[in-house]
Structures are given as structure tokens and as C-alpha cells.
$ cat work11.csv   # CSV, C-alpha atoms
chain,number,residue,atom,x,y,z
X,823,MET,CA,-44.4,104.7,-84.2
X,824,LYS,CA,-45.1,106.3,-80.9
X,825,ILE,CA,-44.8,110.0,-80.5
X,826,LYS,CA,-43.2,110.9,-77.1
X,827,LEU,CA,-44.9,113.9,-75.6
X,828,ASP,CA,-43.0,116.3,-73.5
X,829,PRO,CA,-44.6,116.1,-70.0
X,830,ARG,CA,-43.8,119.8,-69.5
X,831,TYR,CA,-45.5,120.9,-72.7
X,832,PRO,CA,-48.8,122.0,-70.9
X,833,ILE,CA,-46.8,124.1,-68.5
X,834,LYS,CA,-44.8,125.7,-71.2
X,835,LEU,CA,-47.9,126.4,-73.3
X,836,PHE,CA,-49.7,127.9,-70.4
X,837,TYR,CA,-46.9,130.4,-69.6
X,838,LYS,CA,-46.3,131.2,-73.3
X,839,VAL,CA,-49.9,132.3,-73.5
X,840,ARG,CA,-49.6,134.1,-70.2
X,841,ASN,CA,-46.5,136.0,-71.2
X,842,LEU,CA,-48.1,136.9,-74.5
X,843,VAL,CA,-51.0,138.5,-72.6
X,844,SER,CA,-48.5,140.2,-70.2
X,845,ARG,CA,-46.7,141.9,-73.2
X,846,PHE,CA,-49.9,143.7,-74.0
X,847,ARG,CA,-51.1,144.4,-70.5
X,848,ASP,CA,-47.8,145.2,-68.8
X,849,PRO,CA,-45.3,147.4,-70.7
X,850,ASN,CA,-42.7,146.7,-67.9
X,851,PHE,CA,-42.8,143.0,-68.8
X,852,SER,CA,-41.8,143.7,-72.4
X,853,THR,CA,-39.1,146.1,-71.4
X,854,PHE,CA,-37.7,143.6,-68.9
X,855,GLN,CA,-37.8,140.8,-71.5
X,856,LYS,CA,-35.9,142.9,-74.1
X,857,PHE,CA,-33.3,144.6,-72.0
X,858,GLU,CA,-32.8,142.8,-68.7
X,859,TYR,CA,-33.8,139.2,-69.0
X,860,LYS,CA,-30.6,137.0,-68.9
X,861,VAL,CA,-28.4,140.1,-69.1
X,862,GLY,CA,-27.3,139.8,-65.4
X,863,PRO,CA,-27.3,137.1,-62.8
X,864,THR,CA,-30.8,136.3,-61.5
X,865,ASP,CA,-29.6,136.2,-57.9
X,866,ALA,CA,-28.8,139.9,-58.2
X,867,LEU,CA,-32.5,140.8,-58.6
X,868,ASN,CA,-34.1,142.2,-55.5
X,869,GLU,CA,-37.5,143.1,-56.9
X,870,LEU,CA,-40.2,140.6,-56.5
X,871,LYS,CA,-42.1,141.7,-59.6
X,872,LYS,CA,-39.0,141.3,-61.9
X,873,LEU,CA,-38.2,137.9,-60.3
X,874,ARG,CA,-41.7,136.8,-61.1
X,875,TYR,CA,-41.1,137.9,-64.7
X,876,VAL,CA,-38.0,135.6,-64.7
X,877,ARG,CA,-40.1,132.7,-63.3
X,878,ASN,CA,-42.8,133.1,-66.0
X,879,LEU,CA,-40.2,133.3,-68.8
X,880,GLU,CA,-38.3,130.3,-67.5
X,881,LEU,CA,-41.5,128.3,-67.3
X,882,ALA,CA,-42.5,129.2,-70.8
X,883,ASP,CA,-39.0,128.2,-72.1
X,884,SER,CA,-38.3,125.0,-70.2
X,885,GLY,CA,-41.4,124.2,-68.1
X,886,PHE,CA,-39.5,124.3,-64.8
X,887,ILE,CA,-37.5,126.6,-62.5
X,888,ASN,CA,-34.6,125.6,-60.4
X,889,THR,CA,-34.5,125.4,-56.6
X,890,ALA,CA,-32.4,128.6,-56.2
X,891,LEU,CA,-35.0,130.7,-58.1
X,892,LYS,CA,-37.8,129.1,-56.0
X,893,GLU,CA,-36.0,130.0,-52.8
X,894,GLN,CA,-35.2,133.5,-54.0
X,895,LEU,CA,-38.9,134.0,-54.8
X,896,ALA,CA,-39.9,132.8,-51.4
X,897,ARG,CA,-37.5,135.2,-49.7
X,898,LEU,CA,-38.6,138.2,-51.6
X,899,LYS,CA,-42.2,137.3,-51.1
X,900,ASN,CA,-41.7,137.1,-47.4
X,901,LYS,CA,-39.8,140.4,-47.4
X,902,ASP,CA,-42.7,142.0,-49.4
X,903,LEU,CA,-45.2,140.7,-46.9
X,904,LEU,CA,-43.2,142.2,-44.0
X,905,PHE,CA,-43.3,145.7,-45.7
X,906,GLN,CA,-47.0,145.3,-46.4
X,907,LYS,CA,-47.6,144.5,-42.8
X,908,ASP,CA,-45.5,147.4,-41.6
X,909,ARG,CA,-47.6,149.8,-43.6
X,910,THR,CA,-50.7,148.8,-41.6
X,911,ILE,CA,-49.1,149.3,-38.2
X,912,THR,CA,-49.1,152.7,-36.3
X,913,PRO,CA,-46.0,152.8,-34.2
X,914,ILE,CA,-46.7,153.6,-30.5
X,915,GLY,CA,-43.4,153.6,-28.9
X,916,ARG,CA,-39.9,152.1,-28.4
X,917,ILE,CA,-38.1,150.6,-25.5
X,918,LEU,CA,-34.3,150.3,-25.7
X,919,VAL,CA,-32.4,148.1,-23.1
X,920,PHE,CA,-28.7,148.8,-22.7
X,921,GLU,CA,-25.7,147.3,-20.9
X,922,GLY,CA,-23.4,150.2,-20.7
X,923,GLN,CA,-23.2,151.6,-24.2
X,924,ASP,CA,-24.3,148.4,-25.9
X,925,THR,CA,-27.9,147.9,-27.0
X,926,VAL,CA,-29.2,144.6,-25.7
X,927,MET,CA,-32.7,144.8,-26.9
X,928,ASN,CA,-34.7,147.1,-29.2
X,929,LEU,CA,-38.5,146.7,-28.8
X,930,MET,CA,-41.1,148.5,-31.0
X,931,PHE,CA,-44.8,148.6,-30.1
X,932,GLY,CA,-47.5,149.3,-32.6
X,933,TYR,CA,-51.3,149.2,-33.2
X,934,SER,CA,-53.2,147.9,-36.2
X,935,GLU,CA,-56.3,150.0,-36.7
X,936,THR,CA,-57.8,147.5,-39.3
X,937,GLU,CA,-57.4,144.6,-36.9
X,938,ASN,CA,-57.8,146.5,-33.6
X,939,ARG,CA,-54.8,144.7,-32.2
X,940,ASN,CA,-51.5,145.7,-30.5
X,941,TYR,CA,-48.3,144.5,-32.0
X,942,LEU,CA,-44.7,144.0,-30.8
X,943,SER,CA,-41.5,143.9,-32.8
X,944,TYR,CA,-38.1,142.8,-31.4
X,945,ASN,CA,-36.1,142.3,-34.6
X,946,LYS,CA,-35.9,143.7,-38.1
X,947,VAL,CA,-35.3,142.4,-41.7
X,948,ASN,CA,-33.9,145.0,-44.1
X,949,ILE,CA,-34.6,147.8,-41.6
X,950,CYS,CA,-38.3,146.7,-41.6
X,951,PRO,CA,-39.8,145.7,-38.2
X,952,VAL,CA,-41.0,142.1,-38.0
X,953,TRP,CA,-44.4,142.6,-36.3
X,954,ASN,CA,-45.9,139.9,-34.0
X,955,VAL,CA,-49.4,140.1,-32.3
X,956,HIS,CA,-48.7,141.2,-28.8
X,957,SER,CA,-49.3,138.6,-26.0
X,958,ASP,CA,-48.8,139.5,-22.4
X,959,ALA,CA,-47.6,136.1,-21.5
X,960,GLN,CA,-45.1,136.0,-24.4
X,961,TYR,CA,-43.9,139.5,-23.6
X,962,ILE,CA,-43.2,138.6,-20.0
X,963,LYS,CA,-41.1,135.6,-21.1
X,964,LEU,CA,-39.2,137.9,-23.5
X,965,VAL,CA,-38.5,140.4,-20.8
X,966,GLN,CA,-37.3,137.8,-18.4
X,967,ARG,CA,-34.8,136.4,-20.9
X,968,ILE,CA,-33.0,139.8,-21.3
X,969,TYR,CA,-29.6,139.3,-19.6
X,970,PRO,CA,-26.4,141.4,-19.4
X,971,SER,CA,-23.2,139.7,-20.6
X,972,LYS,CA,-20.5,141.7,-18.8
X,973,SER,CA,-22.2,142.9,-15.6
X,974,ASP,CA,-25.3,142.5,-13.5
X,975,GLU,CA,-26.9,145.7,-14.6
X,976,LEU,CA,-29.2,146.9,-17.4
X,977,PHE,CA,-30.9,150.2,-18.0
X,978,MET,CA,-33.6,151.3,-20.4
X,979,LYS,CA,-34.7,154.3,-22.4
X,980,HIS,CA,-38.1,154.7,-23.8
X,981,ARG,CA,-39.9,156.9,-26.3
X,982,TYR,CA,-43.6,157.4,-26.9
X,983,PHE,CA,-44.5,158.4,-30.5
X,984,HIS,CA,-47.0,161.2,-29.9
X,985,LYS,CA,-47.2,162.4,-33.5
X,986,ASP,CA,-48.0,159.0,-34.9
X,987,VAL,CA,-50.6,158.1,-32.2
X,988,ALA,CA,-52.2,161.5,-32.7
X,989,TYR,CA,-53.7,160.3,-36.0
X,990,LEU,CA,-55.7,157.6,-34.2
X,991,ASP,CA,-59.1,158.0,-32.6
X,992,LYS,CA,-59.0,159.7,-29.1
X,993,SER,CA,-60.2,156.5,-27.4
X,994,ILE,CA,-57.5,154.5,-29.1
X,995,GLN,CA,-54.9,157.1,-28.1
X,996,LYS,CA,-55.7,156.6,-24.5
X,997,LYS,CA,-55.6,152.8,-24.9
X,998,SER,CA,-52.3,153.0,-26.7
X,999,LEU,CA,-50.8,155.2,-23.9
X,1000,ALA,CA,-52.0,152.7,-21.3
X,1001,PHE,CA,-50.6,149.8,-23.3
X,1002,PHE,CA,-47.2,151.4,-23.6
X,1003,ASN,CA,-47.0,152.3,-20.0
X,1004,SER,CA,-48.1,148.8,-19.0
X,1005,ALA,CA,-45.2,147.5,-21.2
X,1006,LEU,CA,-42.8,149.8,-19.4
X,1007,ARG,CA,-44.0,148.6,-16.0
X,1008,THR,CA,-43.8,145.0,-17.0
X,1009,MET,CA,-40.3,145.5,-18.3
X,1010,TYR,CA,-39.1,147.0,-15.0
X,1011,SER,CA,-40.9,144.6,-12.7
X,1012,GLN,CA,-40.1,141.4,-14.6
X,1013,ASN,CA,-36.4,142.0,-15.2
X,1014,LYS,CA,-34.2,142.0,-12.1
X,1015,PHE,CA,-31.3,143.5,-14.0
X,1016,LEU,CA,-33.0,146.8,-14.8
X,1017,GLN,CA,-31.8,149.5,-12.3
X,1018,ASN,CA,-33.6,152.6,-13.6
X,1019,GLY,CA,-37.1,153.3,-12.7
X,1020,ILE,CA,-39.8,154.1,-15.3
X,1021,GLN,CA,-41.6,157.3,-15.7
X,1022,SER,CA,-45.3,157.4,-16.6
X,1023,ILE,CA,-46.0,159.3,-19.9
X,1024,ALA,CA,-48.7,161.9,-20.1
X,1025,PRO,CA,-50.3,163.0,-23.4
X,1026,PRO,CA,-48.7,166.3,-24.7
X,1027,THR,CA,-50.2,169.5,-23.6
X,1028,ASP,CA,-48.9,171.5,-26.5
X,1029,PHE,CA,-47.2,170.9,-29.9
X,1030,THR,CA,-43.7,171.5,-28.5
X,1031,ASP,CA,-44.1,168.4,-26.2
X,1032,GLN,CA,-44.8,166.0,-29.0
X,1033,LEU,CA,-42.2,163.5,-30.1
X,1034,SER,CA,-41.8,162.3,-33.6
X,1035,ARG,CA,-41.3,158.7,-34.8
X,1036,GLY,CA,-37.8,157.5,-34.2

$ encode --input "work11.csv" --output "C-alpha cells"
Amino acid sequence: MKIKLDPRYPIKLFYKVRNLVSRFRDPNFSTFQKFEYKVGPTDALNELKKLRYVRNLELADSGFINTALKEQLARLKNKDLLFQKDRTITPIGRILVFEGQDTVMNLMFGYSETENRNYLSYNKVNICPVWNVHSDAQYIKLVQRIYPSKSDELFMKHRYFHKDVAYLDKSIQKKSLAFFNSALRTMYSQNKFLQNGIQSIAPPTDFTDQLSRG
């Protein structure tokens, strides 16, 4: 008589042991398992840590997780990475492009001290900027693709984040100012719909001149 082995048994055993260890090392895991697990719908969970608890408990119970849970884990992981990245970026300034009262484009510029790189963000996810390594060529293409929809005119407003940049090294402050002014000049020179000129920004001479992060 042949004994049919469950092909998922090794997975279930691994996660049973792992969860047992978690109960001793992580008090939050035990609390979640007792009071939250399977109490509400999994798709309502917006915390990556708790969703990982669900994954580990499901794998210990059945040896697999469904596609919906995998996709939700991937989304929350990507969201978590966005917020982690944002914490490493010092905001330099913002350029807003308008058509009348409507915002056409919202650009954020930043600097990573750990990477010694400039960054650009032109969209957000859950109010968190999506940062991309700045490229002059890509920035020019982006600027040239900004079009009005109701007229042939655009105008822009800009803001330099003196208070945030003030925490950086003096030499980096100068480079950041030059980088932001260059972005402003490129915006104006490469987009024919912008009618307003740009004004070069000088470092603040006293505290009252400083602008806070927007």
C-alpha cells in the first residue's frame, strides 16, 4: 500500500516552525493571530507587516496563497519601497505648470545625499512622490510634452525649499540651487507655451526670506 505524500507538506512544515518562532520573537504576531486573523477581509489590510503575517499563516495552513494575496503583497511592498525612498531624498524645489486655474504638471526636485544624485518626481502614489533619477535628456522630453488643452498658453510657478536644503553641506546647497535654476531655465526655453519668464533664485540673506517645504 502506497502512502501518498502531500507535495505541500514541506512548505507547511517550514511555515509552521517559522510561525512558532515568530510567536516568541514578535508579540504582535501572536496578537494578530488571536484577534485579527480571519476576522475581516484580507483585502482590507493596508499594512505590509500584517499582510505578511497572513501569508505565513496561510502557507502554514494550506501550503499556498492565492493570486489576490500575492498581488496585494506586491502592491504594498512597492508602496513601502516608495516611502522608504522618499525618506532618503531632500526636497529642493517644486515647479507647477498651469493652464488658467488648472494644474497641468506638478514637478518635484530632490537630492539624495547617500547617492549624491539629483532626483525628479512628476507623479505621486498615496501622496508620496515617485522619485526617478534625474536625466537632462529625459527632463527635456518631459517638458516638451507639456501641452495646454483649452488654449495656447501655460504659465508656471516655482518654489525653492530653502529650509530643507539648509541642512545639506554648503557646497551641495550651491549645486542644488544651480540645479533648480537650470531646471527652471530648461522649462521656459523648451516649452513654447510658457508665457511667463523665470526669476533666478538667490540664497536667503536672513531667516525671514526662507521658504519651508510645501

$ atom_distance --input "work11.csv" --atom1 "CA of Gln960 in chain X" --atom2 "CA of Arg1007 in chain X"
15.2 Å

$ residues_around --input "work11.csv" --residues "Leu1016 in chain X" --least-positions-apart "4" --cutoff "12 Å" --atoms "all atoms listed in the file" --output "ChimeraX atom specification"
/X:918-922,926,965-966,968-970,973-979,1006-1012,1020

$ write_last_selection --input "work11.csv" --atoms "C-alpha atoms" --output "mmCIF file, in the coordinates of the input"
data_model
loop_
_atom_site.group_PDB
_atom_site.id
_atom_site.type_symbol
_atom_site.label_atom_id
_atom_site.label_comp_id
_atom_site.auth_asym_id
_atom_site.auth_seq_id
_atom_site.Cartn_x
_atom_site.Cartn_y
_atom_site.Cartn_z
ATOM 1 C CA LEU X 918 -34.300 150.300 -25.700
ATOM 2 C CA VAL X 919 -32.400 148.100 -23.100
ATOM 3 C CA PHE X 920 -28.700 148.800 -22.700
ATOM 4 C CA GLU X 921 -25.700 147.300 -20.900
ATOM 5 C CA GLY X 922 -23.400 150.200 -20.700
ATOM 6 C CA VAL X 926 -29.200 144.600 -25.700
ATOM 7 C CA VAL X 965 -38.500 140.400 -20.800
ATOM 8 C CA GLN X 966 -37.300 137.800 -18.400
ATOM 9 C CA ILE X 968 -33.000 139.800 -21.300
ATOM 10 C CA TYR X 969 -29.600 139.300 -19.600
ATOM 11 C CA PRO X 970 -26.400 141.400 -19.400
ATOM 12 C CA SER X 973 -22.200 142.900 -15.600
ATOM 13 C CA ASP X 974 -25.300 142.500 -13.500
ATOM 14 C CA GLU X 975 -26.900 145.700 -14.600
ATOM 15 C CA LEU X 976 -29.200 146.900 -17.400
ATOM 16 C CA PHE X 977 -30.900 150.200 -18.000
ATOM 17 C CA MET X 978 -33.600 151.300 -20.400
ATOM 18 C CA LYS X 979 -34.700 154.300 -22.400
ATOM 19 C CA LEU X 1006 -42.800 149.800 -19.400
ATOM 20 C CA ARG X 1007 -44.000 148.600 -16.000
ATOM 21 C CA THR X 1008 -43.800 145.000 -17.000
ATOM 22 C CA MET X 1009 -40.300 145.500 -18.300
ATOM 23 C CA TYR X 1010 -39.100 147.000 -15.000
ATOM 24 C CA SER X 1011 -40.900 144.600 -12.700
ATOM 25 C CA GLN X 1012 -40.100 141.400 -14.600
ATOM 26 C CA ILE X 1020 -39.800 154.100 -15.300
#

$ residues_near_point --input "work11.csv" --point "(-41.1, 139.0, -34.4)" --cutoff "9 Å" --atoms "all atoms listed in the file" --output "number ranges by chain"
X: 942-946, 951-955

$ residues_around --input "work11.csv" --residues "range 930-940 of chain X" --least-positions-apart "4" --cutoff "8 Å" --atoms "all atoms listed in the file" --output "VMD selection string"
chain X and resid 910 to 917 944 951 955 to 956 998 1002

$ residues_around --input "work11.csv" --residues "Arg830 in chain X" --least-positions-apart "6" --cutoff "12 Å" --atoms "only C-alpha atoms" --output "list of chain:residue names"
X:Phe836, X:Tyr837, X:Leu881, X:Ala882, X:Asp883, X:Ser884, X:Gly885, X:Phe886, X:Ile887

$ write_last_selection --input "work11.csv" --atoms "C-alpha atoms" --output "JSON list (two decimals), in the coordinates of the input"
[["chain", "number", "residue", "atom", "x", "y", "z"],
["X", 836, "PHE", "CA", -49.70, 127.90, -70.40],
["X", 837, "TYR", "CA", -46.90, 130.40, -69.60],
["X", 881, "LEU", "CA", -41.50, 128.30, -67.30],
["X", 882, "ALA", "CA", -42.50, 129.20, -70.80],
["X", 883, "ASP", "CA", -39.00, 128.20, -72.10],
["X", 884, "SER", "CA", -38.30, 125.00, -70.20],
["X", 885, "GLY", "CA", -41.40, 124.20, -68.10],
["X", 886, "PHE", "CA", -39.50, 124.30, -64.80],
["X", 887, "ILE", "CA", -37.50, 126.60, -62.50]]

$ closest_residue --input "work11.csv" --among "X:Ala890, X:Ile962, X:Cys950, X:Leu999" --to "Leu904 in chain X" --atoms "only C-alpha atoms"
X:Cys950

$ atom_distance --input "work11.csv" --atom1 "CA of Leu873 in chain X" --atom2 "CA of Glu858 in chain X"
11.1 Å

$ closest_residue --input "work11.csv" --among "X:Ala988, X:Tyr875, X:Gln894, X:Lys972" --to "Arg845 in chain X" --atoms "only C-alpha atoms"
X:Tyr875
